[in-house]
Every structure is written in C-alpha cells, then in structure tokens.
Amino acid sequence: MIEIKNVTMDFIGKAVGEPRKILRALEDISIRIPDGCVYGFLGSNGAGKSTLMRLMCGVYRTQSGSITIDGSEVWDNPEAKANIFFVNDETVQYSDFTLEALAKYFASYYDNFSFETFHRLIGTLGLPNDRKMGTFSKGMKRQSVVAAALSCGTKYIVMDEAFDGLDPAMRKMLKDIIVDEMIDRNATLIVSSHNVAEINELCDRAMLLHQGKLVFDDEIDNIRSGVSKVQVARRSGPVTKEEFEGLGLSVLQYSVMGSVVQTVVKGVGEEITQKLEGLSADFVEMVPLTLEEVFIYELEARGYGYESLAEN
Amino acid sequence: MIRLDITGRSPIYEQLCREICGEIARGLLVENDRLPAARVLAKDLGINPNTVAKAYGMLERDGIIYSVSGIGCFVSKEKAGAYRWLTEDFRRKTREAFGAGVPKEALLQILEEECGGENSPQTQGVKDDD
C-alpha cells in the first residue's frame, strides 16, 4: 500500500521583473492506494498530479507530511524505491540512448530487471533496437519507457499521462499488458489522464485534484453514485436552491425553467429521494452522473470551467 | 455478444451483469456453461479485471452463477435471478408510470400488446418485427 499523509508542497516561483513568491502545488493531501488496483489521478491542468507522482516516487522530497510505500518512507530510500517505477511524461533525458542502453540503464537500478521481458515487449511493439531514442516519434518513446517499466518487475508502476501519444491499437495493447500484470503479479498501477472515459474503464479507484487540493478519493462506482442530477417540478413554484440546502443537500449546480428545476446535488440516490419527499413536488426524476459529468460539476462548483472563463 | 457503454450512466459492473443475464435468458449461456476468465473478459472488453471479478461476485450472490475455486465460474440452473436483473428497469419504469397516474389497466394492456399472451420469442424461434 502507498500511503500519502498530509502532504503539502510549495515551489518558489519568480516571474520576470517580479519578486519571488510561494506557489502552493499541493495542500494537505492524504490518500491511500491499496495493492492490486488501478488508481486514477484526475485533475484540471496544473492541479498537482505530476508533482504528487514525483513525490510518490522520491523525485521530490516532501516538505511536510509523509509518503510511505509498504510502510517505508520513499525519499532517499533505495529499498522502497526498488518497488516503484515512474513513467515520466518527459523522455528527453533518454535521447542519446539506444533501447539496449536504456535496458542496461534501468537494469543497473532495478535488480529484478528482465531483459527477456524487455526484448519480448519491444519485439511485440516493433521498436528498433539500434537507433537512438532521440530519433523516435513521441509514441515510440513512450512505448519504450513503458516496456522498460514493465520489465523492471516492480510492485508499483506510476504512469504520468499513461496513454498520451499512443494510438488506439497501442492503447489496447498497453491495457492488455496492464491486465496481465495485475493478475500475474498483483501489480498496482497509478495512472494520470485527462481522458476521463479511460480512467472510468481502467480504474478501480480515482481521486480528483484541483489547484493542489483533494476534491475526492474513492472507488469509481462510489464517486459516480455520490452525485446525482435531479429534475424537480412543482406547480406552486420552482424549488429554490435554499430549499435544497435546507434539506441538507449540497448543491453543485442549479438552474430553473418555469416550474422545473434542474440541479446537481451530492448524495446517494435513495438518500436524496427521501429528503426530497418533504418538498411536495409534483414530479421528481433522478439520473446518475457519468464520471465525466462528476468531474465537470465538481470543478464548476469550484469556479473552474467554461462559465467562469467567459466572465473574465 | 457482450456490449458495454463505457461512457454511460450505469456502472460498468452492472452493465456487465445485465449483459451476462441477457445471454442466459436468451439461452446462449446454459446451465454449467463456463464463463470466460476475468483476464480474458477484461482484455476483450478493455476493462479492469477487478470489475469483471466484481460483476461475477454479484451474479454469484444472486445465485445466477456458481464458482468452483481454481477452475472458474459456471452458469447455475436457476434463471430467476437473471430475469430479476433484466426486469429491474421495467419494474422501475412501471412504478414511475403508475405513480404518475397511469391506471393499472393501461399498464396491463401494454404487457398484453407487447407479449401477445404468448411465450417469449426466445423460446419459439425468431420474432417477426413489424
């Protein structure tokens, strides 16, 4: 299990001609990533996903809070780090490597590195063994690092923008490989993606980050059932936002058309139905949200999205 | 054939349960047929193997399938559970329509028209759509 406890991370930023200021990348993040699952990192651009991944892999040192892998602090701890592989979204550092050199490089860090697995994977992927990676396309670079990741035999694999730059056939192949890794080795994967549908089909659990803060962290099915779109009609006049809130419902979105109100509220289906009984409404309809809608509404409620952009 | 709507509103494990129940109701999966291993189905459908395991767990809980440890999951004899999964939406819609004021006779008439008082087309061959 990877346990992240109360992690806060600041960077010092300095724009041209301006004094230094503190940029808070992460604020009091606590999550647990259980073994044998696929865990998704969702978030708006610049939310702190990559920063958290780098902290988890010991690339950055935690300033406050702690990150442990199976109970051991990860920073400056080769034993803990031997259990985790980080597929960075940057590959420029490998430009001068051939795939053979890349394999040797990772084999020097990971005792369990399997050249056999690596050669099998690059064979399947059809990657050239004799060219420098600088000459590869973006997708090929990514495939190479993923092949290396899977050859290291680590218990945890962290992939930043896992599917970025891969074509649909390669995405499919990568997903198949992930399934095998989970079943054969009980591997745990942590992936970040902007593609919410991909997170939905691939992950057991996910978390949403926004401006360095944790919005939620739960099983995918709980996340989706935790927010509902509700339509309520009342002939005597539309139900006001305050009325919903008076029933103890947290309202993420609210709009009125005549006597019909459409709203997005937090809570589990039956719980909401029970609470709405007190409204003497003529018609109530409820639909569960897709993960994509949860993402959009949660961020909209925090002032992020199309409408707030239009106002500025 | 199992079809999932990955971007849809109902959870993937629920969709998977319904699809399997559909195969059972249609007679495409029969008693003691073996269900594909989680690995195989997960790859076919492009989903997480834990999701397949969750769906199989639900179906087993409802007595629709049974598992033999180390071998796999098999279809049970009893189909009632599968029918329950497939008629859940129907039941909900009926409750809604009845609640909205549609009289019982009108609901029964729909049943009569749709089912024609006959057995399900699955048990008598191909249905003529008109």
# chains A, B, ... in the order shown; residues from 1 in each chain; ligands from 1
>>> residues_around(residues="A:Ser114", least_positions_apart="3", cutoff="7 Å", atoms="only C-alpha atoms", output="ChimeraX atom specification")
/A:117-118,151-152
>>> interface_residues(of="chain B", to="chain A", cutoff="9 Å", atoms="only C-alpha atoms", output="list in words")
Ile6, Thr7, Gly8, Arg9, Ser10, Pro11, Ile12, Tyr13, Ala38, Arg39, Ala42, Lys43, Asp44, Gly46, Ile47, Asn48, Pro49, Asn50, Thr51 and Ala100 of chain B
>>> write_last_selection(atoms="C-alpha atoms", output="PDB file, in the first residue's frame")
ATOM      1  CA  ILE B   6     -18.118   2.772 -21.159  1.00  0.00           C
ATOM      2  CA  THR B   7     -19.145   6.426 -21.027  1.00  0.00           C
ATOM      3  CA  GLY B   8     -22.690   5.528 -19.933  1.00  0.00           C
ATOM      4  CA  ARG B   9     -24.501   6.264 -16.728  1.00  0.00           C
ATOM      5  CA  SER B  10     -24.735   2.864 -15.165  1.00  0.00           C
ATOM      6  CA  PRO B  11     -21.635   1.341 -13.534  1.00  0.00           C
ATOM      7  CA  ILE B  12     -19.637  -0.992 -15.767  1.00  0.00           C
ATOM      8  CA  TYR B  13     -20.030  -3.978 -13.412  1.00  0.00           C
ATOM      9  CA  ALA B  38     -11.610 -12.452 -15.672  1.00  0.00           C
ATOM     10  CA  ARG B  39      -8.370 -11.924 -17.574  1.00  0.00           C
ATOM     11  CA  ALA B  42     -11.223  -7.836 -19.159  1.00  0.00           C
ATOM     12  CA  LYS B  43      -8.976  -7.815 -22.223  1.00  0.00           C
ATOM     13  CA  ASP B  44     -11.865  -8.387 -24.633  1.00  0.00           C
ATOM     14  CA  GLY B  46     -10.885  -3.261 -22.352  1.00  0.00           C
ATOM     15  CA  ILE B  47     -11.824  -3.035 -18.686  1.00  0.00           C
ATOM     16  CA  ASN B  48     -10.219  -3.674 -15.322  1.00  0.00           C
ATOM     17  CA  PRO B  49     -10.142  -7.363 -14.263  1.00  0.00           C
ATOM     18  CA  ASN B  50     -11.315  -6.315 -10.802  1.00  0.00           C
ATOM     19  CA  THR B  51     -14.505  -5.007 -12.422  1.00  0.00           C
ATOM     20  CA  ALA B 100     -47.550   9.424 -12.369  1.00  0.00           C
TER      21      ALA B 100
END
>>> residues_around(residues="stretch 29-37 of chain B", least_positions_apart="6", cutoff="8 Å", atoms="only C-alpha atoms", output="count of residues only")
7
>>> residues_around(residues="A:Met56", least_positions_apart="5", cutoff="9 Å", atoms="only C-alpha atoms", output="VMD selection string")
chain A and resid 2 4 51 67 to 69 74 to 75 84 158
>>> residues_around(residues="A:Asp96", least_positions_apart="3", cutoff="10 Å", atoms="only C-alpha atoms", output="number ranges by chain")
A: 92-93, 99, 101-102, 131-135
>>> residues_around(residues="A:Val261", least_positions_apart="3", cutoff="6 Å", atoms="only C-alpha atoms", output="VMD selection string")
chain A and resid 231 to 232 255 to 256
